[in-house]
Every structure is written in C-alpha cells, then in structure tokens.
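Colleague: I'd like to ask you about the structure that follows.
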Amino acid sequence: MKPLGPKVVALGGGHGLYASLSALRRVTDRLTAVVTVADDGGSSGRLRRELGVLPPGDLRMALAALCGDDEWGQTWRDVVQHRFRSEGDLQGHAVGNLLIVALWELLGGDAPDGAPGGAGPGSTVAGLDWVGRLLGAHGRVLPMAAVPMDIVAEVRGADPDRPDDITRVKGQVACASTPGSVLGVSLVPADPPACPEALAAVDEADWIVFGPGSWFTSVLPHLKVPALARALTSSRARRVVALNLAPQPGETDDFSPQTHLEVLQAHAPDLRVDVVLADAGVVEDTDALDKAVRRLGGRLVLSQVAADDGSPRHEPARLAQAFVQIFSD
C-alpha cells in the first residue's frame, strides 16, 4: 500500500485553488480544501440571491480539481464544469452548481434561523461529500464559513478625478473590478460562523497551503473569519504560501511578490509562515523577496512551476514536485 502522505489543508478559491489542488492531489491522499464563500457574481450569485444558499461556484471548482486523470474523473470534471448556453434562465449556469444546490435542498429540509435556505445542520458539508463521492474526488471540499458573506474592500483611486480618496466597495465582483488600488478587505458579517469541519481539518493538518489565487478575494478572506484565523495561527501545522505568477488585474496591479507577503502580514500579523514558494522566472528581486519571507519567519523556495506556454498558469506536475520537495524537507 502506498503511503498516504501528509495531512494537507489548502485555502483559497477559484482558479488559484484549482491549480494548487490539481497538484496536491498527486502528492497526498489526505487533502482538504477550505474554500471561500463570498462570490456574488455569475451562476453562483444568481443561486445565492434566489435560494439563499452558499455560492457554490468555488466549491464546484475545487471538487472538479480533485477529479482523477482517468476516464471517470475527466468525464465528471467536464460535466460539473459545463455551463448551459441558452436564451433562457439556464444561460450561464454550471451543472455542478445546480447539482450541489440540489443536494443541499434534498439533505437540508427546513433551514434553522441564520442558516442558508434549504441547508439544515450538517447538510452543506454532507452535500459536498456526496458530490465528492460521485466524482471520485481525491480529497474533501469544505466551505470556510457556514453562511454566505460579502467582501468589503477599501480602494484608493476608484475615482480617477480624486486619486487620493479611499472608497469602500462591497461584493467580490466589485472588489475585483473597481479601478484603483485595493488597500485591504473585511467581511460582512464580520464574525461569520466558521465551518466546524474546516476548523477540525486545520487543527489536524501537517501542512497548510495559502495560494496561489486572487489575493484579496480568494486568499485573504480566510484570515478575516475570526475563528478560522485563530485556528490557522495556532495550528501545529507548517504553513506554505504559494505566490502567484503575475499580478491579478483589478486587485494587485503592480504588486511585486514581496508586496503580496507584506499585505498578508498586514491582514494577519500573528501568522507565521514556514515556506514561501515562488517561480524563479517571475522574481525580479530575489534579495527583497527573501527579506520579506524572513520577516514572516520562513524560508524562500524558488522552483520552476509555471507552464511552458508563457501564460501565468501553474503546471500541475511541476507544482506537485515542488510541494513534494517542500514537504519532504
């Protein structure tokens, strides 16, 4: 029997978390994704507004990333990622979003006060576990909180005529698309109930992985859920930050790799980082990045993890090999 590998918890959402999970499922059989639930756009936003549920899109993408490379895994990955194209109400809806919400309704019954509509105690996690079983997912997917939330960003220069003014914008789509420089983010509600299973996974983890991904809307929100932030800072696990290959348009324009770490430290001053992983090909000032890493208490690992096509996309096999090196060290 092959070794199970370390217990790894990966945090994030969207395409960044998809990249890390696509790599990590090759490294360990004990993998948990803890996913942001603040999306308010597209299919997820429509389902959230109409049914009062957690936005399922980032959860769906995480499950798709955990599908295997065999025919079963590839087929179900394509099914859950498929979006309807029509002139009617189904336009743009992802099959996986509908499947997840259907399971929540079937398992949930009447929702208690404060819980998402149709999502009774335990039904949110149970529904995700059922989808994971159907897909043959190589890991577990959990929401970071038990209720949907909104991201609030402070943006400097949203009005080009008043470049020094700071504006507060609400909602993930607005945070990602408002012109200007994002200074920081917070959540509404400010103290959402963290997912108990996510807290347990963090407590039991050997490694916690932050990033890659949209820094302000996918990575940092986990550190703004108070109970989850306490678990992340107090866990005995070692922590690795996987940096992006390029700035995120609308969020981190002109950010250097070290700026990402400075923002991380500003949002979570008590968080200790053991390893920062970056692609050597995109780091212009290695000394400055190394100093930023050491301020967080960690060491810098430079490795070739980018795809060969020149796009800002991590190559799963290369990223997996980098994680193998980090975990074994």
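Letters for chains follow the order of the structure tokens (A, B, ...), residue numbers begin at 1 for each chain, and ligand numbers begin at 1 in the order shown.
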Output as number ranges by chain all residues of segment 171-243 of chain A that backbone DSSP marks as alpha helix (DSSP H).

Modeller: A: 172-177, 196-204, 226-234

Colleague: Please provide as a PyMOL selection string all residues within 9 Å of segment 226-234 of chain A, with the sequence filter that same-chain residues fewer than 6 positions apart are discarded (counting only C-alpha atoms).

Modeller: chain A and resi 144-145+190-195+198-200+202-203+208+268+270-272

Colleague: Hey, can you spit out that residue selection with all heavy atoms as a compact mmCIF listing (two decimals), in the first residue's frame?

Modeller:
```txt
# COMPACT_ATOMS: atom_id res chain seq x y z
N MET A 144 -15.40 27.74 3.99
CA MET A 144 -14.69 28.33 5.12
C MET A 144 -15.65 28.83 6.19
O MET A 144 -15.25 29.01 7.35
CB MET A 144 -13.79 29.48 4.65
CG MET A 144 -14.49 30.75 4.24
SD MET A 144 -13.27 32.04 3.84
CE MET A 144 -14.37 33.42 3.45
N ALA A 145 -16.90 29.05 5.83
CA ALA A 145 -17.89 29.54 6.79
C ALA A 145 -19.24 28.90 6.48
O ALA A 145 -19.47 28.39 5.38
CB ALA A 145 -18.00 31.06 6.75
N ALA A 190 -19.05 40.38 10.03
CA ALA A 190 -17.66 40.46 10.46
C ALA A 190 -17.21 39.23 11.22
O ALA A 190 -16.01 38.93 11.27
CB ALA A 190 -17.46 41.71 11.32
N ASP A 191 -18.14 38.51 11.84
CA ASP A 191 -17.78 37.32 12.61
C ASP A 191 -18.67 36.15 12.19
O ASP A 191 -19.48 35.65 12.96
CB ASP A 191 -17.94 37.60 14.11
CG ASP A 191 -17.35 36.48 14.97
OD1 ASP A 191 -16.77 35.54 14.39
OD2 ASP A 191 -17.50 36.56 16.20
N PRO A 192 -18.53 35.69 10.94
CA PRO A 192 -19.38 34.60 10.47
C PRO A 192 -18.99 33.29 11.16
O PRO A 192 -17.83 33.10 11.54
CB PRO A 192 -19.07 34.53 8.98
CG PRO A 192 -17.67 35.04 8.88
CD PRO A 192 -17.55 36.12 9.93
N PRO A 193 -19.95 32.37 11.34
CA PRO A 193 -19.61 31.08 11.94
C PRO A 193 -18.73 30.26 11.00
O PRO A 193 -19.10 30.00 9.86
CB PRO A 193 -20.97 30.41 12.15
CG PRO A 193 -21.88 31.08 11.16
CD PRO A 193 -21.39 32.48 11.02
N ALA A 194 -17.57 29.88 11.48
CA ALA A 194 -16.67 29.06 10.68
C ALA A 194 -17.23 27.65 10.57
O ALA A 194 -17.94 27.17 11.45
CB ALA A 194 -15.28 29.03 11.30
N CYS A 195 -16.92 26.98 9.47
CA CYS A 195 -17.32 25.59 9.27
C CYS A 195 -16.58 24.72 10.29
O CYS A 195 -15.34 24.69 10.29
CB CYS A 195 -17.00 25.16 7.85
SG CYS A 195 -17.26 23.40 7.52
N ALA A 198 -13.99 22.43 8.87
CA ALA A 198 -12.79 23.14 8.41
C ALA A 198 -11.86 23.42 9.58
O ALA A 198 -10.64 23.27 9.46
CB ALA A 198 -13.18 24.43 7.70
N LEU A 199 -12.41 23.83 10.71
CA LEU A 199 -11.58 24.07 11.90
C LEU A 199 -10.88 22.79 12.34
O LEU A 199 -9.70 22.81 12.71
CB LEU A 199 -12.44 24.62 13.04
CG LEU A 199 -13.10 25.98 12.81
CD1 LEU A 199 -13.95 26.35 14.02
CD2 LEU A 199 -12.06 27.06 12.55
N ALA A 200 -11.61 21.67 12.29
CA ALA A 200 -11.01 20.39 12.68
C ALA A 200 -9.89 20.00 11.73
O ALA A 200 -8.84 19.49 12.16
CB ALA A 200 -12.09 19.31 12.73
N VAL A 202 -7.97 21.98 9.95
CA VAL A 202 -6.80 22.84 10.22
C VAL A 202 -6.07 22.37 11.46
O VAL A 202 -4.84 22.32 11.51
CB VAL A 202 -7.25 24.31 10.35
CG1 VAL A 202 -6.12 25.18 10.90
CG2 VAL A 202 -7.72 24.85 9.00
N ASP A 203 -6.83 22.00 12.49
CA ASP A 203 -6.23 21.57 13.75
C ASP A 203 -5.42 20.28 13.57
O ASP A 203 -4.40 20.08 14.24
CB ASP A 203 -7.33 21.36 14.79
CG ASP A 203 -6.77 20.98 16.15
OD1 ASP A 203 -6.02 21.78 16.74
OD2 ASP A 203 -7.08 19.86 16.63
N ILE A 208 -0.40 23.55 5.87
CA ILE A 208 -1.47 24.44 5.41
C ILE A 208 -0.91 25.24 4.24
O ILE A 208 0.17 25.82 4.34
CB ILE A 208 -1.94 25.39 6.53
CG1 ILE A 208 -2.52 24.58 7.71
CG2 ILE A 208 -2.97 26.38 6.00
CD1 ILE A 208 -2.76 25.42 8.95
N ALA A 268 -2.82 39.56 8.78
CA ALA A 268 -2.70 38.52 9.81
C ALA A 268 -1.34 38.64 10.48
O ALA A 268 -0.43 37.86 10.21
CB ALA A 268 -2.88 37.14 9.18
N ASP A 270 -0.19 37.85 13.28
CA ASP A 270 0.26 36.75 14.12
C ASP A 270 0.55 35.48 13.33
O ASP A 270 0.94 34.46 13.92
CB ASP A 270 -0.79 36.44 15.20
CG ASP A 270 -1.00 37.61 16.15
OD1 ASP A 270 -0.03 38.35 16.39
OD2 ASP A 270 -2.13 37.79 16.64
N LEU A 271 0.35 35.51 12.03
CA LEU A 271 0.54 34.30 11.22
C LEU A 271 2.02 34.08 10.95
O LEU A 271 2.71 34.95 10.41
CB LEU A 271 -0.22 34.43 9.90
CG LEU A 271 -0.18 33.19 9.00
CD1 LEU A 271 -1.01 32.06 9.60
CD2 LEU A 271 -0.68 33.54 7.58
N ARG A 272 2.51 32.90 11.31
CA ARG A 272 3.88 32.52 10.99
C ARG A 272 3.87 31.69 9.71
O ARG A 272 3.02 30.84 9.51
CB ARG A 272 4.48 31.67 12.12
CG ARG A 272 5.98 31.39 11.95
CD ARG A 272 6.46 30.30 12.89
NE ARG A 272 6.08 28.98 12.39
CZ ARG A 272 5.14 28.21 12.92
NH1 ARG A 272 4.44 28.64 13.95
NH2 ARG A 272 4.86 27.03 12.41
```

Colleague: Using the chain letters and numbers from this document, which residues of segment 152-304 of chain A does DSSP assign to strand (DSSP E or B), as JSON, numbers by chain?

Modeller: {"A": [152, 153, 154, 155, 156, 166, 167, 168, 169, 170, 181, 182, 183, 184, 185, 186, 187, 188, 194, 207, 208, 209, 210, 238, 239, 240, 241, 242, 275, 276, 277, 278, 299, 300, 301, 302]}

Colleague: I need the chosen residues saved as a short mmCIF file (atom, residue, chain, number, x, y, z; two decimals), in the first residue's frame, with N, CA, C and O atoms.

Modeller:
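Contents of part_23.cif, freshly written:
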```cif
data_model
loop_
_atom_site.label_atom_id
_atom_site.label_comp_id
_atom_site.auth_asym_id
_atom_site.auth_seq_id
_atom_site.Cartn_x
_atom_site.Cartn_y
_atom_site.Cartn_z
N VAL A 152 -15.78 43.35 1.64
CA VAL A 152 -15.75 44.80 1.55
C VAL A 152 -14.30 45.23 1.40
O VAL A 152 -13.44 44.83 2.20
N ALA A 153 -14.01 45.99 0.36
CA ALA A 153 -12.65 46.42 0.09
C ALA A 153 -12.53 47.93 0.22
O ALA A 153 -13.45 48.68 -0.13
N GLU A 154 -11.38 48.35 0.73
CA GLU A 154 -11.02 49.77 0.71
C GLU A 154 -10.13 50.01 -0.50
O GLU A 154 -9.07 49.38 -0.63
N VAL A 155 -10.59 50.89 -1.38
CA VAL A 155 -9.90 51.10 -2.66
C VAL A 155 -9.49 52.56 -2.77
O VAL A 155 -10.31 53.46 -2.63
N ARG A 156 -8.20 52.78 -3.03
CA ARG A 156 -7.71 54.14 -3.27
C ARG A 156 -7.71 54.41 -4.77
O ARG A 156 -7.25 53.59 -5.56
N ILE A 166 -10.25 57.38 -0.68
CA ILE A 166 -10.45 55.96 -0.40
C ILE A 166 -11.94 55.66 -0.41
O ILE A 166 -12.72 56.32 0.29
N THR A 167 -12.32 54.67 -1.20
CA THR A 167 -13.72 54.28 -1.36
C THR A 167 -13.91 52.86 -0.85
O THR A 167 -13.05 52.01 -1.03
N ARG A 168 -15.05 52.63 -0.18
CA ARG A 168 -15.40 51.27 0.26
C ARG A 168 -16.37 50.67 -0.75
O ARG A 168 -17.40 51.26 -1.06
N VAL A 169 -16.01 49.51 -1.29
CA VAL A 169 -16.86 48.82 -2.24
C VAL A 169 -17.21 47.46 -1.66
O VAL A 169 -16.40 46.82 -0.99
N LYS A 170 -18.44 47.00 -1.94
CA LYS A 170 -18.94 45.76 -1.34
C LYS A 170 -19.24 44.74 -2.42
O LYS A 170 -19.83 45.06 -3.44
N SER A 181 -6.44 51.01 -6.38
CA SER A 181 -5.58 50.09 -5.63
C SER A 181 -6.32 49.60 -4.39
O SER A 181 -6.74 50.41 -3.56
N VAL A 182 -6.46 48.28 -4.27
CA VAL A 182 -7.09 47.71 -3.08
C VAL A 182 -6.11 47.79 -1.92
O VAL A 182 -4.97 47.33 -2.02
N LEU A 183 -6.54 48.37 -0.80
CA LEU A 183 -5.69 48.52 0.38
C LEU A 183 -5.91 47.42 1.39
O LEU A 183 -4.98 47.04 2.12
N GLY A 184 -7.12 46.91 1.48
CA GLY A 184 -7.44 45.87 2.45
C GLY A 184 -8.87 45.42 2.30
O GLY A 184 -9.68 46.06 1.62
N VAL A 185 -9.18 44.29 2.93
CA VAL A 185 -10.53 43.73 2.84
C VAL A 185 -11.02 43.34 4.23
O VAL A 185 -10.25 43.05 5.13
N SER A 186 -12.35 43.33 4.36
CA SER A 186 -13.02 42.84 5.54
C SER A 186 -14.25 42.08 5.08
O SER A 186 -14.55 42.02 3.87
N LEU A 187 -14.98 41.48 6.02
CA LEU A 187 -16.13 40.65 5.68
C LEU A 187 -17.40 41.18 6.33
O LEU A 187 -17.37 41.76 7.41
N VAL A 188 -18.51 40.96 5.66
CA VAL A 188 -19.84 41.19 6.21
C VAL A 188 -20.62 39.88 6.07
O VAL A 188 -20.77 39.40 4.95
N ALA A 194 -17.57 29.88 11.48
CA ALA A 194 -16.67 29.06 10.68
C ALA A 194 -17.23 27.65 10.57
O ALA A 194 -17.94 27.17 11.45
N TRP A 207 0.39 20.29 7.07
CA TRP A 207 0.74 21.45 6.25
C TRP A 207 -0.51 22.23 5.89
O TRP A 207 -1.55 21.63 5.62
N ILE A 208 -0.40 23.55 5.87
CA ILE A 208 -1.47 24.44 5.41
C ILE A 208 -0.91 25.24 4.24
O ILE A 208 0.17 25.82 4.34
N VAL A 209 -1.66 25.26 3.13
CA VAL A 209 -1.20 25.91 1.91
C VAL A 209 -2.09 27.12 1.62
O VAL A 209 -3.31 26.98 1.47
N PHE A 210 -1.48 28.29 1.52
CA PHE A 210 -2.16 29.52 1.13
C PHE A 210 -1.76 29.85 -0.31
O PHE A 210 -0.57 29.91 -0.63
N ARG A 238 2.76 23.22 9.67
CA ARG A 238 3.63 24.16 8.99
C ARG A 238 2.86 24.81 7.84
O ARG A 238 1.92 24.21 7.31
N ARG A 239 3.26 26.01 7.48
CA ARG A 239 2.48 26.82 6.54
C ARG A 239 3.33 27.19 5.33
O ARG A 239 4.46 27.66 5.50
N VAL A 240 2.77 27.00 4.15
CA VAL A 240 3.47 27.37 2.92
C VAL A 240 2.58 28.33 2.13
O VAL A 240 1.36 28.13 2.04
N VAL A 241 3.18 29.37 1.61
CA VAL A 241 2.49 30.33 0.75
C VAL A 241 3.02 30.14 -0.66
O VAL A 241 4.22 30.26 -0.91
N ALA A 242 2.10 29.81 -1.58
CA ALA A 242 2.46 29.68 -3.00
C ALA A 242 2.08 30.98 -3.71
O ALA A 242 0.90 31.32 -3.81
N VAL A 275 7.37 28.41 4.74
CA VAL A 275 7.95 28.34 3.40
C VAL A 275 7.15 29.25 2.47
O VAL A 275 5.91 29.29 2.54
N VAL A 276 7.83 29.97 1.61
CA VAL A 276 7.20 30.70 0.52
C VAL A 276 7.74 30.13 -0.78
O VAL A 276 8.95 30.07 -0.99
N LEU A 277 6.82 29.69 -1.64
CA LEU A 277 7.18 29.10 -2.94
C LEU A 277 6.93 30.10 -4.04
O LEU A 277 5.83 30.66 -4.16
N ALA A 278 7.94 30.35 -4.86
CA ALA A 278 7.82 31.29 -5.98
C ALA A 278 8.51 30.70 -7.20
O ALA A 278 9.43 29.88 -7.07
N ARG A 299 11.37 30.49 4.99
CA ARG A 299 12.46 30.39 4.02
C ARG A 299 11.87 30.42 2.62
O ARG A 299 10.73 29.99 2.41
N LEU A 300 12.63 30.90 1.67
CA LEU A 300 12.19 31.03 0.29
C LEU A 300 12.60 29.82 -0.52
O LEU A 300 13.77 29.39 -0.45
N VAL A 301 11.67 29.26 -1.27
CA VAL A 301 11.95 28.17 -2.21
C VAL A 301 11.62 28.67 -3.61
O VAL A 301 10.48 29.07 -3.88
N LEU A 302 12.63 28.67 -4.48
CA LEU A 302 12.43 29.05 -5.88
C LEU A 302 12.43 27.78 -6.72
O LEU A 302 13.33 26.96 -6.63
#
```

Colleague: Given the choices A:Thr32, A:Asp206, A:Gly52, A:Val219, which gets closest to Ser328 of chain A if the distance is worked out from only C-alpha atoms?

Modeller: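 Of A:Thr32, A:Asp206, A:Gly52, A:Val219, the one nearest Ser328 of chain A is A:Asp206, counting only C-alpha atoms.
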
Colleague: Considering only C-alpha atoms, can you say which of A:Arg236, A:Leu21, A:Arg318, A:Glu71 comes closest to Glu204 of chain A?

Modeller: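 Among the listed residues, the smallest separation from Glu204 of chain A belongs to A:Arg236.
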
Colleague: For Gly92 of chain A, which residue among A:Arg46, A:Arg77, A:His314, A:Lys224 is the nearest when counting only C-alpha atoms?

Modeller: A:Arg46

Colleague: Name all residues at most 8 Å from Gln81 of chain A (count only C-alpha atoms; drop same-chain ones fewer than 3 positions away) and give them as a PyMOL selection string.

Modeller: chain A and resi 60-61+64+77-78+94-96

Colleague: Only N, CA, C and O atoms, please: the residues just picked out, written as a tab-separated table (two decimals), in the first residue's frame.

Modeller:
```tsv
chain	number	residue	atom	x	y	z
A	60	ARG	N	-17.53	24.07	-6.35
A	60	ARG	CA	-17.59	23.20	-7.52
A	60	ARG	C	-16.22	23.09	-8.19
A	60	ARG	O	-15.78	21.99	-8.55
A	61	MET	N	-15.54	24.23	-8.34
A	61	MET	CA	-14.23	24.20	-9.00
A	61	MET	C	-13.22	23.38	-8.20
A	61	MET	O	-12.39	22.66	-8.76
A	64	ALA	N	-13.95	19.78	-8.86
A	64	ALA	CA	-13.51	19.41	-10.20
A	64	ALA	C	-11.99	19.20	-10.23
A	64	ALA	O	-11.49	18.30	-10.90
A	77	ARG	N	-15.43	15.68	-14.30
A	77	ARG	CA	-14.89	17.04	-14.23
A	77	ARG	C	-15.53	17.90	-15.31
A	77	ARG	O	-15.95	19.04	-15.06
A	78	ASP	N	-15.61	17.38	-16.53
A	78	ASP	CA	-16.19	18.14	-17.63
A	78	ASP	C	-17.69	18.38	-17.41
A	78	ASP	O	-18.22	19.44	-17.76
A	94	ALA	N	-23.73	26.65	-14.26
A	94	ALA	CA	-22.86	25.49	-14.31
A	94	ALA	C	-23.60	24.28	-13.75
A	94	ALA	O	-24.27	24.36	-12.72
A	95	VAL	N	-23.46	23.13	-14.43
A	95	VAL	CA	-24.14	21.92	-14.00
A	95	VAL	C	-23.78	21.59	-12.55
A	95	VAL	O	-24.64	21.23	-11.74
A	96	GLY	N	-22.50	21.71	-12.20
A	96	GLY	CA	-22.07	21.38	-10.85
A	96	GLY	C	-22.71	22.27	-9.80
A	96	GLY	O	-23.01	21.81	-8.69
```
